[in-house]
Amino acid sequence: MTSLWAVVLGLVQGLAEFLPISSTAHLKMLPWIFNVREGFLYTTQFDIALHAGSFVAILFALWADWVRLLKGAAKRDRGSLRFIGFLLVTSIPGALFGVLFDDKVERLSTPANPAMLASETFRYAPLVVGVALMAFGVLLWAVDRFVGRNDSLAKMTWGKALAVGVAQAFALVPGVSRSGATVTAGRALGFSRDDVARYSFMAALPIIGGAALFGLRHVPASTLLSLDWVLGFLAAAISSFAAMRWMLGYVRNHSFGIFTVYRLAAGLLVIGLFFLRG
């Protein structure tokens with residue numbers, strides 16, 4: 001059963017990481033909804049496996065973009081060097097927030113579960129996640145509908161890159177969504193849907209890769225080669241790749257409204273179950 005859930009959560013991680021629906025919310029709420037008791041699925045080590053899979057997927061899904069960017073940087077192309085700088089600036093707020101507040105947010109957003117220690121759970125976590133799903137889903141729709149324009153990334157500035165990074169830092173709270181926050185900020189700054197989606201995915205590389213590499217130093221070799229770790233990694237990599245490629249095609253001709261509808265439904269489901277269970 002643990003292996004099955006490793007695959008399920010790996011698939012969920014990849015899809016929800018790059019669609020604006022919050023991967024962390026899904027990874028926390030699905031085991032809670034189905035009362036899954038396999039403790040391994042709640043560990044930081046397993047979370048690293050899933051994010052490592054997403055990191056690898058970003059490299060392959062956007063391979064042409066990375067090659068073009070690195071070739072330009074090697075030739076000291078000003079535009080390429082500036083774009084790399086923008087990605088790094090966007091990553092700074094999330095990295096700082098993660099170091100300072102990750103443990104606190106983790107305790108306040110992890111639902112009580114028999115598989116976890118009482119000191120590591122928070123009874124009202126489903127309410128936090130449900131409200132965040134709905135509130136930031138409505139914000140995504142409103143900004144996309146009433147504020148967004150169609151500027152290209154050629155109009156990116158250091159200030160705008162930092163603003164997207166601050167928005168990305170809020171995704172530390174499950175339910176907000178890293179991709180949702182960056183897309184919302186990007187649309188508010190005037191960027192087109194497809195450009196801001198691509199930038200959101202590229203900006204995920206340093207933040208996800210850094211977190212994965214930082215966490216791997218504590219993962220023993222036996223865990224890295226365990227079946228559940230490998231299954232979770234592969235499932236996350238495959239679904240992440242598919243989600244990015246699909247999303248980049250979808251947003252060229254569609255709004256983000258479908259994701260707002262999903263977030264509202266998911267948020268109501270989580271909150272409803274919380275009250276039904278008492």
# chains A, B, ... in the order shown; residues from 1 in each chain; ligands from 1
$ residues_around --residues "Leu70 (chain A)" --least-positions-apart "3" --cutoff "12 Å" --atoms "only C-alpha atoms" --output "list in words"
Trp63, Ala64, Asp65, Trp66, Val67, Ala73, Ala74, Lys75, Arg76, Asp77, Arg78, Gly79, Ser80, Leu81, Arg82, Phe83 and Ile84 of chain A
$ write_last_selection --atoms "C-alpha atoms" --output "compact mmCIF listing (two decimals), in the first residue's frame"
# COMPACT_ATOMS: atom_id res chain seq x y z
CA TRP A 63 15.38 22.06 -22.35
CA ALA A 64 15.39 24.38 -25.39
CA ASP A 65 14.99 27.44 -23.15
CA TRP A 66 17.86 26.41 -20.88
CA VAL A 67 20.17 25.66 -23.81
CA ALA A 73 25.33 33.58 -21.24
CA ALA A 74 28.47 31.85 -22.57
CA LYS A 75 28.64 34.51 -25.29
CA ARG A 76 28.10 37.20 -22.64
CA ASP A 77 24.83 38.21 -24.19
CA ARG A 78 23.41 40.99 -22.02
CA GLY A 79 19.81 39.83 -22.35
CA SER A 80 20.62 36.25 -21.33
CA LEU A 81 22.71 37.34 -18.35
CA ARG A 82 19.96 39.70 -17.20
CA PHE A 83 17.34 36.97 -17.50
CA ILE A 84 19.44 34.60 -15.36
$ atom_distance --atom1 "CA of Ser226 (chain A)" --atom2 "CA of Val12 (chain A)"
19.9 Å
$ closest_residue --among "A:Leu227, A:Pro20, A:Lys155, A:Pro126" --to "Val270 (chain A)" --atoms "only C-alpha atoms"
A:Pro126
$ select_by_dssp --residues "region 43-243 of chain A" --states "helix (DSSP H, G or I)" --output "PyMOL selection string"
chain A and resi 44-61+63-74+78-109+118-120+125-146+153-155+158-172+178-188+193-216+221-224+227-243
$ residues_around --residues "region 251-267 of chain A" --least-positions-apart "2" --cutoff "7 Å" --atoms "only C-alpha atoms" --output "PDB file with C-alpha atoms, in the first residue's frame"
ATOM      1  CA  PRO A  20      -1.933  26.709 -10.121  1.00  0.00           C
ATOM      2  CA  ILE A  21      -3.711  24.488  -7.584  1.00  0.00           C
ATOM      3  CA  GLY A 130      -9.226  25.225   2.382  1.00  0.00           C
ATOM      4  CA  VAL A 131      -9.437  28.985   2.868  1.00  0.00           C
ATOM      5  CA  LEU A 133      -7.223  27.405  -1.861  1.00  0.00           C
ATOM      6  CA  MET A 134     -10.399  29.413  -2.326  1.00  0.00           C
ATOM      7  CA  GLY A 137      -8.051  30.971  -6.478  1.00  0.00           C
ATOM      8  CA  VAL A 138     -10.439  33.933  -6.624  1.00  0.00           C
ATOM      9  CA  TRP A 141      -9.149  34.748 -11.559  1.00  0.00           C
ATOM     10  CA  ARG A 193      -0.391  34.265 -19.792  1.00  0.00           C
ATOM     11  CA  ASP A 194       2.018  32.077 -21.750  1.00  0.00           C
ATOM     12  CA  MET A 247       0.024  24.139 -19.341  1.00  0.00           C
ATOM     13  CA  LEU A 248       2.221  26.028 -21.792  1.00  0.00           C
ATOM     14  CA  GLY A 249      -0.099  25.018 -24.617  1.00  0.00           C
ATOM     15  CA  LEU A 269     -14.511  19.804   0.104  1.00  0.00           C
ATOM     16  CA  VAL A 270     -11.673  20.093   2.609  1.00  0.00           C
ATOM     17  CA  ILE A 271     -13.539  22.529   4.858  1.00  0.00           C
TER      18      ILE A 271
END
$ closest_atom_pairs --of "region 12-122 of chain A" --to "region 229-235 of chain A" --cutoff "12 Å" --atoms "only C-alpha atoms" --output "Markdown table"
| residue | atom | partner | partner_atom | distance |
| --- | --- | --- | --- | --- |
| A:Val12 | CA | A:Ala235 | CA | 8.6 |
| A:Gln13 | CA | A:Ala235 | CA | 8.5 |
| A:Gly14 | CA | A:Ala235 | CA | 7.6 |
| A:Leu15 | CA | A:Ala235 | CA | 10.1 |
| A:Leu27 | CA | A:Gly232 | CA | 12.0 |
| A:Phe40 | CA | A:Trp229 | CA | 9.5 |
| A:Leu41 | CA | A:Trp229 | CA | 9.6 |
| A:Thr43 | CA | A:Trp229 | CA | 11.0 |
| A:Thr44 | CA | A:Trp229 | CA | 11.4 |
| A:Gln45 | CA | A:Trp229 | CA | 8.3 |
| A:Phe46 | CA | A:Trp229 | CA | 6.3 |
| A:Asp47 | CA | A:Gly232 | CA | 8.9 |
| A:Ile48 | CA | A:Phe233 | CA | 8.7 |
| A:Ala49 | CA | A:Phe233 | CA | 5.0 |
| A:Leu50 | CA | A:Phe233 | CA | 5.0 |
| A:His51 | CA | A:Phe233 | CA | 7.6 |
| A:Ala52 | CA | A:Phe233 | CA | 6.6 |
| A:Gly53 | CA | A:Phe233 | CA | 4.6 |
| A:Ser54 | CA | A:Phe233 | CA | 8.0 |
| A:Phe55 | CA | A:Phe233 | CA | 9.9 |
| A:Val56 | CA | A:Phe233 | CA | 9.4 |
| A:Ala57 | CA | A:Leu234 | CA | 9.7 |
$ write_last_selection --atoms "N, CA and C atoms" --output "PDB file, in the first residue's frame"
ATOM      1  N   VAL A  12       0.481  13.365  -8.111  1.00  0.00           N
ATOM      2  CA  VAL A  12      -0.189  14.576  -7.623  1.00  0.00           C
ATOM      3  C   VAL A  12       0.810  15.728  -7.500  1.00  0.00           C
ATOM      4  N   GLN A  13       1.994  15.444  -6.983  1.00  0.00           N
ATOM      5  CA  GLN A  13       3.019  16.470  -6.853  1.00  0.00           C
ATOM      6  C   GLN A  13       3.315  17.134  -8.193  1.00  0.00           C
ATOM      7  N   GLY A  14       3.538  16.333  -9.211  1.00  0.00           N
ATOM      8  CA  GLY A  14       3.893  16.881 -10.510  1.00  0.00           C
ATOM      9  C   GLY A  14       2.778  17.705 -11.122  1.00  0.00           C
ATOM     10  N   LEU A  15       1.552  17.196 -11.053  1.00  0.00           N
ATOM     11  CA  LEU A  15       0.428  17.918 -11.653  1.00  0.00           C
ATOM     12  C   LEU A  15       0.129  19.207 -10.892  1.00  0.00           C
ATOM     13  N   LEU A  27      -0.708  17.330  -1.279  1.00  0.00           N
ATOM     14  CA  LEU A  27       0.114  16.322  -0.608  1.00  0.00           C
ATOM     15  C   LEU A  27      -0.269  16.186   0.862  1.00  0.00           C
ATOM     16  N   PHE A  40       5.842   6.902   6.359  1.00  0.00           N
ATOM     17  CA  PHE A  40       6.892   7.277   5.412  1.00  0.00           C
ATOM     18  C   PHE A  40       6.441   8.419   4.500  1.00  0.00           C
ATOM     19  N   LEU A  41       5.172   8.433   4.146  1.00  0.00           N
ATOM     20  CA  LEU A  41       4.653   9.435   3.213  1.00  0.00           C
ATOM     21  C   LEU A  41       4.642  10.828   3.817  1.00  0.00           C
ATOM     22  N   THR A  43       7.154  12.028   5.753  1.00  0.00           N
ATOM     23  CA  THR A  43       8.504  12.438   6.111  1.00  0.00           C
ATOM     24  C   THR A  43       9.054  13.480   5.146  1.00  0.00           C
ATOM     25  N   THR A  44      10.003  14.264   5.646  1.00  0.00           N
ATOM     26  CA  THR A  44      10.685  15.254   4.824  1.00  0.00           C
ATOM     27  C   THR A  44      11.457  14.567   3.706  1.00  0.00           C
ATOM     28  N   GLN A  45      11.986  13.382   3.972  1.00  0.00           N
ATOM     29  CA  GLN A  45      12.757  12.657   2.966  1.00  0.00           C
ATOM     30  C   GLN A  45      11.910  12.309   1.748  1.00  0.00           C
ATOM     31  N   PHE A  46      10.676  11.890   1.979  1.00  0.00           N
ATOM     32  CA  PHE A  46       9.813  11.566   0.841  1.00  0.00           C
ATOM     33  C   PHE A  46       9.442  12.822   0.073  1.00  0.00           C
ATOM     34  N   ASP A  47       9.221  13.915   0.783  1.00  0.00           N
ATOM     35  CA  ASP A  47       8.919  15.185   0.130  1.00  0.00           C
ATOM     36  C   ASP A  47      10.078  15.610  -0.772  1.00  0.00           C
ATOM     37  N   ILE A  48      11.302  15.351  -0.335  1.00  0.00           N
ATOM     38  CA  ILE A  48      12.484  15.666  -1.148  1.00  0.00           C
ATOM     39  C   ILE A  48      12.482  14.842  -2.426  1.00  0.00           C
ATOM     40  N   ALA A  49      12.093  13.587  -2.332  1.00  0.00           N
ATOM     41  CA  ALA A  49      12.054  12.722  -3.514  1.00  0.00           C
ATOM     42  C   ALA A  49      11.104  13.289  -4.562  1.00  0.00           C
ATOM     43  N   LEU A  50       9.946  13.744  -4.119  1.00  0.00           N
ATOM     44  CA  LEU A  50       8.961  14.289  -5.053  1.00  0.00           C
ATOM     45  C   LEU A  50       9.465  15.572  -5.711  1.00  0.00           C
ATOM     46  N   HIS A  51      10.067  16.438  -4.927  1.00  0.00           N
ATOM     47  CA  HIS A  51      10.565  17.689  -5.486  1.00  0.00           C
ATOM     48  C   HIS A  51      11.796  17.474  -6.371  1.00  0.00           C
ATOM     49  N   ALA A  52      12.574  16.476  -6.055  1.00  0.00           N
ATOM     50  CA  ALA A  52      13.704  16.143  -6.934  1.00  0.00           C
ATOM     51  C   ALA A  52      13.193  15.705  -8.303  1.00  0.00           C
ATOM     52  N   GLY A  53      12.089  14.974  -8.317  1.00  0.00           N
ATOM     53  CA  GLY A  53      11.489  14.572  -9.585  1.00  0.00           C
ATOM     54  C   GLY A  53      11.011  15.770 -10.383  1.00  0.00           C
ATOM     55  N   SER A  54      10.394  16.733  -9.708  1.00  0.00           N
ATOM     56  CA  SER A  54       9.933  17.945 -10.391  1.00  0.00           C
ATOM     57  C   SER A  54      11.111  18.755 -10.918  1.00  0.00           C
ATOM     58  N   PHE A  55      12.194  18.785 -10.167  1.00  0.00           N
ATOM     59  CA  PHE A  55      13.392  19.517 -10.590  1.00  0.00           C
ATOM     60  C   PHE A  55      13.937  18.958 -11.907  1.00  0.00           C
ATOM     61  N   VAL A  56      14.045  17.656 -11.986  1.00  0.00           N
ATOM     62  CA  VAL A  56      14.536  17.013 -13.207  1.00  0.00           C
ATOM     63  C   VAL A  56      13.596  17.307 -14.375  1.00  0.00           C
ATOM     64  N   ALA A  57      12.302  17.302 -14.108  1.00  0.00           N
ATOM     65  CA  ALA A  57      11.318  17.561 -15.164  1.00  0.00           C
ATOM     66  C   ALA A  57      11.457  18.970 -15.732  1.00  0.00           C
TER      67      ALA A  57
END
$ atom_distance --atom1 "CA of Val166 (chain A)" --atom2 "CA of Gly190 (chain A)"
16.5 Å
$ closest_residue --among "A:Tyr250, A:Phe18, A:Phe86, A:Phe34" --to "Trp5 (chain A)" --atoms "only C-alpha atoms"
A:Phe34
$ closest_atom_pairs --of "region 102-163 of chain A" --to "region 195-216 of chain A" --cutoff "12 Å" --atoms "only C-alpha atoms" --output "tab-separated table"
residue	atom	partner	partner_atom	distance
A:Asp102	CA	A:Ala211	CA	11.2
A:Asp144	CA	A:Val196	CA	11.2
A:Gly148	CA	A:Val196	CA	10.6
A:Arg149	CA	A:Val196	CA	10.9
A:Asn150	CA	A:Asp195	CA	8.7
A:Asp151	CA	A:Asp195	CA	8.3
A:Ser152	CA	A:Asp195	CA	6.3
A:Leu153	CA	A:Asp195	CA	6.3
A:Ala154	CA	A:Asp195	CA	9.8
A:Lys155	CA	A:Asp195	CA	11.0
A:Met156	CA	A:Tyr199	CA	10.2
A:Lys160	CA	A:Val196	CA	11.7
A:Ala161	CA	A:Ala203	CA	9.7
A:Leu162	CA	A:Ala203	CA	11.4
$ closest_atom_pairs --of "region 87-136 of chain A" --to "region 178-188 of chain A" --cutoff "12 Å" --atoms "only C-alpha atoms" --output "Markdown table"
| residue | atom | partner | partner_atom | distance |
| --- | --- | --- | --- | --- |
| A:Leu87 | CA | A:Thr182 | CA | 11.9 |
| A:Thr90 | CA | A:Thr182 | CA | 9.4 |
| A:Ser91 | CA | A:Thr182 | CA | 11.0 |
| A:Gly94 | CA | A:Arg178 | CA | 9.6 |
| A:Ala132 | CA | A:Ala181 | CA | 11.3 |
| A:Leu133 | CA | A:Gly180 | CA | 10.1 |
| A:Met134 | CA | A:Gly180 | CA | 11.9 |
| A:Ala135 | CA | A:Gly180 | CA | 11.6 |
| A:Phe136 | CA | A:Ala181 | CA | 7.9 |
$ residues_around --residues "Ile33 (chain A)" --least-positions-apart "3" --cutoff "10 Å" --atoms "only C-alpha atoms" --output "PyMOL selection string"
chain A and resi 26+28-30+36+111+126+269-270+273-274
$ closest_residue --among "A:Thr157, A:Ser22, A:Phe275, A:Phe122" --to "Gly85 (chain A)" --atoms "only C-alpha atoms"
A:Thr157
$ atom_distance --atom1 "CA of Ile238 (chain A)" --atom2 "CA of Ala61 (chain A)"
10.1 Å
